[in-house]
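So this one's entry.txt, compact mmCIF, C-alpha atoms and all ligand atoms:
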# COMPACT_ATOMS: atom_id res chain seq x y z
CA MET A 289 10.73 5.97 12.99
CA PHE A 290 9.61 9.20 11.41
CA TYR A 291 6.22 10.54 12.43
CA SER A 292 3.89 12.49 10.19
CA ASP A 293 0.18 13.11 9.80
CA ASN A 294 -1.42 10.53 7.54
CA GLY A 295 -0.78 7.91 4.89
CA SER A 296 0.05 10.29 2.06
CA THR A 297 2.63 12.14 4.13
CA ALA A 298 4.12 8.83 5.31
CA VAL A 299 4.68 8.09 1.60
CA GLU A 300 6.16 11.55 0.92
CA VAL A 301 8.63 11.01 3.76
CA ALA A 302 9.54 7.54 2.45
CA LEU A 303 10.28 8.92 -1.03
CA LYS A 304 12.36 11.77 0.39
CA MET A 305 14.27 9.37 2.66
CA ALA A 306 15.07 7.08 -0.28
CA ILE A 307 16.13 9.88 -2.63
CA GLN A 308 18.20 11.69 0.00
CA TYR A 309 19.81 8.43 1.14
CA HIS A 310 21.56 8.17 -2.24
CA HIS A 311 22.22 11.92 -2.29
CA ASN A 312 23.87 11.83 1.17
CA ASN A 313 26.02 8.91 0.03
CA GLY A 314 27.28 11.01 -2.88
CA ALA A 315 25.57 8.94 -5.58
CA PRO A 316 22.23 10.60 -6.38
CA LYS A 317 19.71 8.59 -8.42
CA ARG A 318 16.75 10.03 -10.27
CA ARG A 319 14.30 7.24 -11.00
CA LEU A 320 11.54 5.62 -8.96
CA LEU A 321 9.71 2.39 -9.72
CA ALA A 322 6.12 1.49 -8.81
CA PHE A 323 3.48 -0.97 -9.95
CA ARG A 324 0.78 -0.46 -12.57
CA ASN A 325 -2.49 0.44 -10.85
CA ALA A 326 -0.65 1.48 -7.69
CA TYR A 327 -2.27 3.90 -5.27
CA HIS A 328 -0.04 5.61 -2.71
CA GLY A 329 -1.98 8.74 -1.73
CA ASP A 330 -3.22 12.15 -2.84
CA THR A 331 -0.32 14.57 -2.27
CA PHE A 332 1.92 15.29 -5.27
CA GLY A 333 4.78 12.89 -4.55
CA ALA A 334 2.32 10.16 -3.58
CA MET A 335 0.23 10.86 -6.69
CA SER A 336 3.37 10.69 -8.85
CA VAL A 337 4.17 7.15 -7.70
CA SER A 338 0.50 6.19 -8.13
CA ASP A 339 -0.49 4.99 -11.58
CA ARG A 340 -2.11 7.62 -13.76
CA SER A 341 -5.89 7.26 -13.39
CA VAL A 342 -9.12 9.19 -12.89
CA PHE A 343 -7.72 10.15 -9.47
CA THR A 344 -4.71 11.95 -11.01
CA LYS A 345 -6.01 12.99 -14.44
CA ALA A 346 -6.26 16.75 -13.80
CA PHE A 347 -2.70 16.79 -12.42
CA ASP A 348 -0.83 14.38 -14.69
CA GLN A 349 1.32 17.09 -16.31
CA TYR A 350 2.58 18.22 -12.88
CA LEU A 351 3.61 14.75 -11.66
CA PHE A 352 7.20 13.54 -11.91
CA ASP A 353 8.13 10.61 -14.13
CA VAL A 354 7.88 7.15 -12.59
CA THR A 355 8.34 3.78 -14.28
CA PHE A 356 5.36 1.50 -13.69
CA LEU A 357 5.99 -2.25 -13.70
CA GLU A 358 3.38 -4.93 -14.37
CA LEU A 359 2.41 -6.98 -11.31
CA PRO A 360 4.78 -9.96 -11.12
CA THR A 361 3.61 -13.42 -12.15
CA ALA A 362 5.55 -16.64 -12.76
CA ASP A 363 5.27 -15.84 -16.49
CA ASN A 364 6.55 -12.26 -16.67
CA LEU A 365 9.43 -12.32 -14.15
CA LYS A 366 12.10 -12.60 -16.83
CA ALA A 367 10.76 -9.56 -18.67
CA LEU A 368 10.54 -7.62 -15.40
CA PHE A 369 14.16 -8.51 -14.55
CA ALA A 370 15.25 -7.18 -17.94
CA GLN A 371 13.32 -3.96 -17.36
CA VAL A 372 14.80 -3.51 -13.87
CA ASP A 373 18.33 -4.24 -15.13
CA GLN A 374 18.02 -1.54 -17.73
CA LEU A 375 16.96 1.11 -15.20
CA ALA A 376 18.74 -0.02 -12.03
CA GLU A 377 21.79 2.22 -12.19
CA ASP A 378 19.73 5.40 -11.93
CA THR A 379 16.92 4.01 -9.72
CA ALA A 380 16.61 5.20 -6.12
CA ALA A 381 13.72 3.06 -4.91
CA PHE A 382 10.81 0.79 -5.70
CA ILE A 383 7.56 1.49 -3.85
CA PHE A 384 4.82 -1.15 -3.75
CA GLU A 385 1.72 -2.26 -1.86
CA PRO A 386 2.70 -5.81 -0.77
CA LEU A 387 0.28 -8.59 -1.81
CA LEU A 388 -2.72 -6.35 -2.18
CA GLN A 389 -3.42 -3.17 -4.16
CA GLY A 390 -6.22 -1.51 -2.23
CA ALA A 391 -7.75 1.64 -3.69
CA VAL A 392 -7.56 0.49 -7.31
CA GLY A 393 -10.02 -2.35 -6.64
CA MET A 394 -8.56 -4.76 -4.07
CA ILE A 395 -6.25 -6.61 -6.47
CA VAL A 396 -4.55 -9.57 -4.78
CA TYR A 397 -1.34 -10.73 -6.48
CA ASP A 398 1.24 -13.49 -6.23
CA ALA A 399 3.47 -13.32 -3.11
CA ALA A 400 6.07 -15.78 -4.44
CA SER A 401 6.63 -13.74 -7.60
CA LEU A 402 6.81 -10.52 -5.59
CA GLU A 403 9.48 -12.12 -3.43
CA VAL A 404 11.62 -12.98 -6.45
CA LEU A 405 11.21 -9.49 -7.94
CA LEU A 406 12.12 -7.77 -4.65
CA GLN A 407 15.23 -9.92 -4.25
CA HIS A 408 16.29 -8.93 -7.74
CA CYS A 409 15.76 -5.21 -7.04
CA ARG A 410 17.79 -5.50 -3.85
CA ARG A 411 20.67 -7.17 -5.69
CA LYS A 412 20.62 -4.16 -8.01
CA GLY A 413 20.89 -1.66 -5.13
CA ILE A 414 17.30 -0.41 -5.38
CA LEU A 415 15.75 0.51 -2.02
CA LEU A 416 12.48 -1.29 -1.22
CA ILE A 417 9.61 0.80 0.15
CA ALA A 418 6.69 -1.29 1.42
CA ASP A 419 3.52 0.80 1.55
CA GLU A 420 1.65 -1.09 4.30
CA ILE A 421 -0.78 1.74 4.97
CA PHE A 422 -3.64 -0.49 3.93
CA THR A 423 -2.21 -3.97 4.56
CA GLY A 424 -0.61 -3.28 7.95
CA PHE A 425 -1.93 -4.35 11.35
CA GLY A 426 -3.41 -7.73 10.58
CA ARG A 427 -5.36 -7.09 7.41
CA THR A 428 -3.73 -9.87 5.35
CA GLY A 429 -3.73 -12.58 8.01
CA LYS A 430 -0.28 -11.68 9.38
CA ASP A 431 0.59 -8.59 11.39
CA PHE A 432 2.19 -7.06 8.27
CA ALA A 433 1.88 -8.24 4.67
CA MET A 434 5.68 -8.33 4.29
CA GLN A 435 5.69 -11.17 6.83
CA HIS A 436 4.30 -13.41 4.08
CA LEU A 437 7.73 -12.95 2.42
CA GLN A 438 11.35 -13.58 3.40
CA THR A 439 12.62 -10.27 2.04
CA THR A 440 12.48 -7.37 4.49
CA PRO A 441 11.90 -3.84 3.16
CA ASP A 442 14.26 -0.89 3.73
CA ILE A 443 11.40 1.50 4.43
CA ILE A 444 7.81 0.91 5.59
CA CYS A 445 4.86 3.33 5.43
CA LEU A 446 2.12 2.95 8.03
CA SER A 447 -1.09 4.79 8.89
CA LYS A 448 -4.79 3.73 8.86
CA GLY A 449 -4.69 0.75 11.28
CA LEU A 450 -1.89 2.39 13.28
CA THR A 451 -4.51 4.17 15.39
CA GLY A 452 -7.30 1.71 14.61
CA GLY A 453 -8.65 4.37 12.27
CA ALA A 454 -9.51 6.59 15.23
CA ILE A 455 -7.32 9.63 14.50
CA ALA A 456 -4.80 10.68 11.84
CA LEU A 457 -1.19 9.60 12.23
CA GLY A 458 1.49 8.41 9.82
CA VAL A 459 4.75 6.62 10.46
CA THR A 460 7.66 5.93 8.12
CA THR A 461 10.18 3.42 9.42
CA CYS A 462 13.61 2.69 8.04
CA THR A 463 16.50 0.33 8.66
CA ARG A 464 19.62 1.37 10.57
CA HIS A 465 21.42 1.39 7.23
CA ILE A 466 19.22 4.23 5.91
CA TYR A 467 19.26 6.06 9.22
CA ASP A 468 23.06 6.07 9.29
CA ALA A 469 23.19 7.93 5.97
CA PHE A 470 21.51 10.88 7.71
CA LEU A 471 23.41 10.72 11.00
CA SER A 472 26.01 13.42 10.62
CA GLU A 473 27.41 16.68 12.01
CA ASN A 474 26.83 18.02 8.51
CA LYS A 475 23.47 19.85 8.66
CA LEU A 476 23.03 19.43 4.90
CA LYS A 477 22.46 15.73 5.52
CA THR A 478 19.34 16.43 7.61
CA LEU A 479 16.00 15.03 6.43
CA PHE A 480 14.32 18.41 6.13
CA HIS A 481 10.74 17.38 6.68
CA GLY A 482 8.55 18.31 9.62
CA HIS A 483 4.85 19.00 9.86
CA SER A 484 3.55 21.15 12.70
CA PHE A 485 1.57 18.23 14.08
CA THR A 486 4.25 15.61 13.60
CA ALA A 487 3.97 12.98 16.35
CA ASN A 488 0.82 14.66 17.63
CA PRO A 489 0.54 13.52 21.27
CA LEU A 490 -3.18 12.69 21.09
CA ALA A 491 -2.66 10.63 17.94
CA CYS A 492 0.31 8.82 19.50
CA THR A 493 -1.78 8.05 22.59
CA ALA A 494 -4.52 6.61 20.38
CA ALA A 495 -1.92 4.56 18.50
CA LEU A 496 -0.52 3.13 21.73
CA ALA A 497 -4.02 2.23 22.92
CA SER A 498 -4.82 0.63 19.57
CA LEU A 499 -1.54 -1.34 19.55
CA GLU A 500 -2.35 -2.61 23.02
CA LEU A 501 -5.64 -3.99 21.67
CA PHE A 502 -3.96 -5.27 18.51
CA VAL A 503 -1.64 -7.64 20.40
CA GLN A 504 -4.41 -9.08 22.59
CA PRO A 505 -5.22 -12.75 21.87
CA ALA A 506 -8.91 -11.78 21.67
CA CYS A 507 -8.15 -9.38 18.86
CA LEU A 508 -6.19 -12.00 16.93
CA ALA A 509 -9.04 -14.46 17.48
CA ASN A 510 -11.42 -11.87 16.08
CA ARG A 511 -9.34 -11.44 12.93
CA GLN A 512 -9.25 -15.23 12.52
CA ARG A 513 -13.03 -15.43 13.00
CA VAL A 514 -13.60 -12.78 10.33
CA ALA A 515 -11.22 -14.59 7.93
CA ALA A 516 -13.00 -17.92 8.50
CA LYS A 517 -16.43 -16.31 7.89
CA HIS A 518 -15.09 -14.68 4.73
CA GLN A 519 -13.79 -18.05 3.52
CA GLN A 520 -17.17 -19.65 4.07
CA PHE A 521 -19.01 -16.82 2.31
CA ALA A 522 -16.48 -16.85 -0.55
CA GLY A 523 -17.47 -20.45 -1.28
CA TRP A 524 -21.12 -19.43 -1.57
CA LEU A 525 -20.28 -16.37 -3.69
CA ARG A 526 -18.25 -18.40 -6.18
CA ASP A 527 -21.36 -20.46 -6.98
CA CYS A 528 -23.97 -17.70 -6.97
CA GLY A 529 -23.52 -16.79 -10.65
CA VAL A 530 -23.70 -12.97 -10.47
CA VAL A 531 -20.20 -12.17 -9.22
CA LYS A 532 -16.66 -13.06 -10.33
CA GLN A 533 -13.02 -13.00 -9.18
CA VAL A 534 -13.88 -13.72 -5.57
CA ARG A 535 -10.73 -13.19 -3.48
CA GLN A 536 -10.06 -13.40 0.19
CA LEU A 537 -6.94 -12.46 2.10
CA GLY A 538 -7.12 -12.24 5.90
CA THR A 539 -9.96 -9.91 6.85
CA LEU A 540 -10.54 -8.77 3.26
CA LEU A 541 -13.18 -10.27 0.98
CA ALA A 542 -13.63 -8.71 -2.47
CA PHE A 543 -15.36 -9.53 -5.76
CA GLU A 544 -16.77 -7.90 -8.88
CA VAL A 545 -20.46 -7.84 -9.68
CA ILE A 546 -20.83 -8.98 -13.31
CA THR A 547 -22.06 -6.12 -15.54
CA ASN A 548 -22.04 -5.31 -19.26
CA GLY A 549 -19.51 -2.51 -18.63
CA ALA A 550 -15.81 -2.62 -17.81
CA ASP A 551 -14.66 -3.44 -14.28
CA SER A 552 -13.59 -0.01 -13.06
CA TYR A 553 -13.97 2.68 -10.46
CA THR A 554 -16.29 4.54 -12.84
CA ASN A 555 -18.64 1.58 -13.40
CA GLU A 556 -22.11 3.01 -12.86
CA LEU A 557 -23.37 0.11 -10.83
CA ALA A 558 -21.66 1.64 -7.78
CA ALA A 559 -24.58 3.96 -7.00
CA ALA A 560 -27.11 1.10 -7.16
CA ILE A 561 -24.90 -1.16 -5.02
CA HIS A 562 -24.54 1.61 -2.46
CA ARG A 563 -28.30 2.24 -2.38
CA PHE A 564 -29.12 -1.47 -2.11
CA PHE A 565 -26.84 -2.02 0.88
CA ARG A 566 -27.98 1.17 2.61
CA GLU A 567 -31.55 -0.10 2.41
CA GLN A 568 -30.28 -3.25 4.19
CA GLN A 569 -28.64 -0.90 6.74
CA VAL A 570 -25.18 -2.03 5.68
CA MET A 571 -22.55 0.65 5.12
CA ILE A 572 -20.15 -0.34 2.38
CA ARG A 573 -18.16 1.64 -0.16
CA PRO A 574 -18.12 -0.04 -3.57
CA LEU A 575 -15.17 0.77 -5.87
CA GLY A 576 -17.20 0.88 -9.09
CA ASN A 577 -18.61 -2.65 -9.47
CA THR A 578 -16.08 -4.03 -6.97
CA ILE A 579 -17.58 -4.83 -3.59
CA TYR A 580 -15.22 -5.31 -0.67
CA ILE A 581 -15.95 -6.27 2.90
CA LEU A 582 -13.36 -5.23 5.44
CA PRO A 583 -14.81 -5.12 8.95
CA PRO A 584 -13.08 -3.49 11.92
CA THR A 585 -11.53 -6.18 14.10
CA ALA A 586 -10.38 -4.51 17.30
CA SER A 587 -13.53 -5.01 19.39
C1 LIG B 601 -5.05 5.02 2.07
C2 LIG B 601 -3.73 4.75 1.45
C3 LIG B 601 -2.77 5.76 1.33
C4 LIG B 601 -3.03 7.20 1.69
O1 LIG B 601 -3.33 7.37 3.03
P1 LIG B 601 -4.17 8.68 3.48
O2 LIG B 601 -4.09 8.66 4.97
O3 LIG B 601 -5.56 8.48 2.97
O4 LIG B 601 -3.48 9.85 2.88
C5 LIG B 601 -1.52 5.42 0.81
N1 LIG B 601 -1.24 4.16 0.44
C6 LIG B 601 -2.14 3.17 0.56
C7 LIG B 601 -1.75 1.79 0.16
C8 LIG B 601 -3.42 3.44 1.04
O5 LIG B 601 -4.32 2.44 1.10
The structure given in the file should be rewritten as structure tokens.
Amino acid sequence: MFYSDNGSTAVEVALKMAIQYHHNNGAPKRRLLAFRNAYHGDTFGAMSVSDRSVFTKAFDQYLFDVTFLELPTADNLKALFAQVDQLAEDTAAFIFEPLLQGAVGMIVYDAASLEVLLQHCRRKGILLIADEIFTGFGRTGKDFAMQHLQTTPDIICLSKGLTGGAIALGVTTCTRHIYDAFLSENKLKTLFHGHSFTANPLACTAALASLELFVQPACLANRQRVAAKHQQFAGWLRDCGVVKQVRQLGTLLAFEVITNGADSYTNELAAAIHRFFREQQVMIRPLGNTIYILPPTAS
């Protein structure tokens, strides 16, 4: 477990762990893989593994090269395998948001295809970094999204729900296998990364308190209640005629309001949606014309 300050830094640490793992083993690898439309944070390493978008536009020329793969489906797996095979030898790691891409617009994708792709990457010696900053702590109906799959990641990034959103804290976990590549008398093998407020005691106390709530049966029941309500509402939404692509995964419900413009973060309906809900005294944060409902579930 490596402590840092927030989600973006948890991702930075994960990337550094993965790159230095190969370096410490005497076989450095240059390339990183990520998904199209990925979002992994706002610091430079995290921006680099995020797809180029309005969020990164002013900085694109400063970001390092990353290969972005299409989201896996039953139809494109063969093509993805071929792409991975071509790059595998020089690829350190593959970072992905399991099952659900959050910031880009709550895109839910196929777990079975992800499983097959991850197994292939592992066979090729590519480290798997699961960014569960958004999906972790019960959001997808299991404690962690990776529990929907058989494959276990080498590295996991956590933040957000780690403290129940109360205070900033990031955690990057790794397997014993990764850890052992750093365990040495040789100081050059150290993971040289440490923020002043790493493992901040107040934040850790909040995380422990939040975890205590998280494992309570009442809290699980609450997540199940939210998911059931979402399911019910999703049925109504699908028939209402003004929205599309209604998707529900655990405590997340998301859909697009149909407009004449493109579905995107810059869709101008966002301001009107925001105003409408505020008048109803509901605080939501539309991503362009995408509306998502993601209530807190700890109480
Ligand atoms: C929010 C988020 C981040 C960044 O976390 P911050 O704490 O906002 O820096 C990284 N990855 C994912 C998947 C996120 O949802």
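Inspection of the environment of ligand LIG 601 (chain B), which uses only C-alpha atoms and all ligand atoms and a cut-off of 6 Å, identifies the neighbouring residues as Asn294, Gly295, Ser296, Tyr327, His328, Gly329, Glu385, Gly390, Ala391, Asp419, Ile421 and Phe422 of chain A.
Here the question is which of A:Gly482, A:Gly424, A:Gly458, A:Gly393 gets nearest to Thr578 in chain A using only C-alpha atoms, and that residue is A:Gly393.
In this model, the gap between CA of Val396 in chain A and CA of Met434 in chain A comes to 13.7 Å.
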Please identify all polymer residues within 9 Å of Ser401 in chain A, counting all atoms listed in the file, omitting same-chain residues fewer than 6 positions from it, and present them as number ranges by chain.
A: 359-362, 365
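Of the residues listed (A:Phe502, A:Tyr467, A:Phe432, A:Tyr291), A:Phe502 shows the shortest atom-to-atom separation from Gly452 in chain A; distances use all atoms listed in the file.
Distances here use all atoms listed in the file; by that measure, the residue among A:Met305, A:Leu450, A:Cys462, A:Leu405 closest to Ala380 in chain A is A:Met305.
One finds CA of Phe480 in chain A at 9.0 Å from CA of Lys304 in chain A.
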Using only C-alpha atoms, which of the listed residues (A:Leu575, A:Ile414, A:Leu496, A:Leu351) sits closest to Ser338 in chain A?
A:Leu351
Tell me which protein, DNA and RNA residues are within 7 Å of Arg427 in chain A, counting all atoms listed in the file, leaving out same-chain ones fewer than 3 positions away, and put them as a list in words.
Thr423, Gly424, Gly538, Thr539 and Leu540 of chain A
Pairwise distance, CA of Asp363 in chain A with CA of Leu406 in chain A, equals 15.9 Å
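Compared by their closest atoms to Ala315 in chain A, and using only C-alpha atoms, the residues A:Ala494, A:Val337, A:Leu501, A:Ala469 rank with A:Ala469 nearest.
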Near range 547-561 of chain A, counting all atoms listed in the file, which residues have an atom at most 12 Å away, once you skip same-chain residues fewer than 4 positions from it, shown as a ChimeraX atom specification?
/A:325,341-343,391-395,529-533,543,565-568,570-580
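For the choices A:Cys409, A:Leu415, A:Ala399, A:Val301, the atom-to-atom distance to Lys317 in chain A is smallest for A:Leu415 when using all atoms listed in the file.
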Residues at most 10 Å from Asp442 in chain A, counting only C-alpha atoms, excluding those fewer than 2 positions away in the same chain, as an mmCIF file with C-alpha atoms, in the frame of the given file?
data_model
loop_
_atom_site.group_PDB
_atom_site.id
_atom_site.type_symbol
_atom_site.label_atom_id
_atom_site.label_comp_id
_atom_site.auth_asym_id
_atom_site.auth_seq_id
_atom_site.Cartn_x
_atom_site.Cartn_y
_atom_site.Cartn_z
ATOM 1 C CA ALA A 302 9.540 7.540 2.450
ATOM 2 C CA ALA A 306 15.070 7.080 -0.280
ATOM 3 C CA ALA A 381 13.720 3.060 -4.910
ATOM 4 C CA ARG A 410 17.790 -5.500 -3.850
ATOM 5 C CA ILE A 414 17.300 -0.410 -5.380
ATOM 6 C CA LEU A 415 15.750 0.510 -2.020
ATOM 7 C CA LEU A 416 12.480 -1.290 -1.220
ATOM 8 C CA ILE A 417 9.610 0.800 0.150
ATOM 9 C CA ALA A 418 6.690 -1.290 1.420
ATOM 10 C CA THR A 439 12.620 -10.270 2.040
ATOM 11 C CA THR A 440 12.480 -7.370 4.490
ATOM 12 C CA ILE A 444 7.810 0.910 5.590
ATOM 13 C CA THR A 461 10.180 3.420 9.420
ATOM 14 C CA CYS A 462 13.610 2.690 8.040
ATOM 15 C CA THR A 463 16.500 0.330 8.660
ATOM 16 C CA ARG A 464 19.620 1.370 10.570
ATOM 17 C CA HIS A 465 21.420 1.390 7.230
ATOM 18 C CA ILE A 466 19.220 4.230 5.910
#
Could you list, with a cut-off of 10 Å and counting all atoms listed in the file, the residues of range 322-436 of chain A near range 510-526 of chain A, each shown with its nearest atom pair and the distance in Å rounded to one decimal, rows sorted by chain and ascending number, as CSV?
residue,atom,partner,partner_atom,distance
A:Gly426,CA,A:Arg511,CA,7.4
A:Arg427,CA,A:Arg511,CA,8.1
A:Thr428,CA,A:Ala515,CA,9.2
A:Gly429,CA,A:Arg511,CA,7.5
A:Lys430,CA,A:Arg511,CA,9.7
File of the preceding selection, C-alpha atoms, as a PDB file, in the frame of the given file:
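Result went into again-v3.pdb, see below:
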ATOM      1  CA  GLY A 426      -3.410  -7.730  10.580  1.00  0.00           C
ATOM      2  CA  ARG A 427      -5.360  -7.090   7.410  1.00  0.00           C
ATOM      3  CA  THR A 428      -3.730  -9.870   5.350  1.00  0.00           C
ATOM      4  CA  GLY A 429      -3.730 -12.580   8.010  1.00  0.00           C
ATOM      5  CA  LYS A 430      -0.280 -11.680   9.380  1.00  0.00           C
TER       6      LYS A 430
END
Exercise on range 452-456 of chain A, axis-aligned box with 4 Å per side, report centre and edge lengths in Å to one decimal, as lines of an AutoDock Vina configuration file:
center_x = -7.2
center_y = 6.2
center_z = 13.5
size_x = 12.7
size_y = 17.0
size_z = 11.4
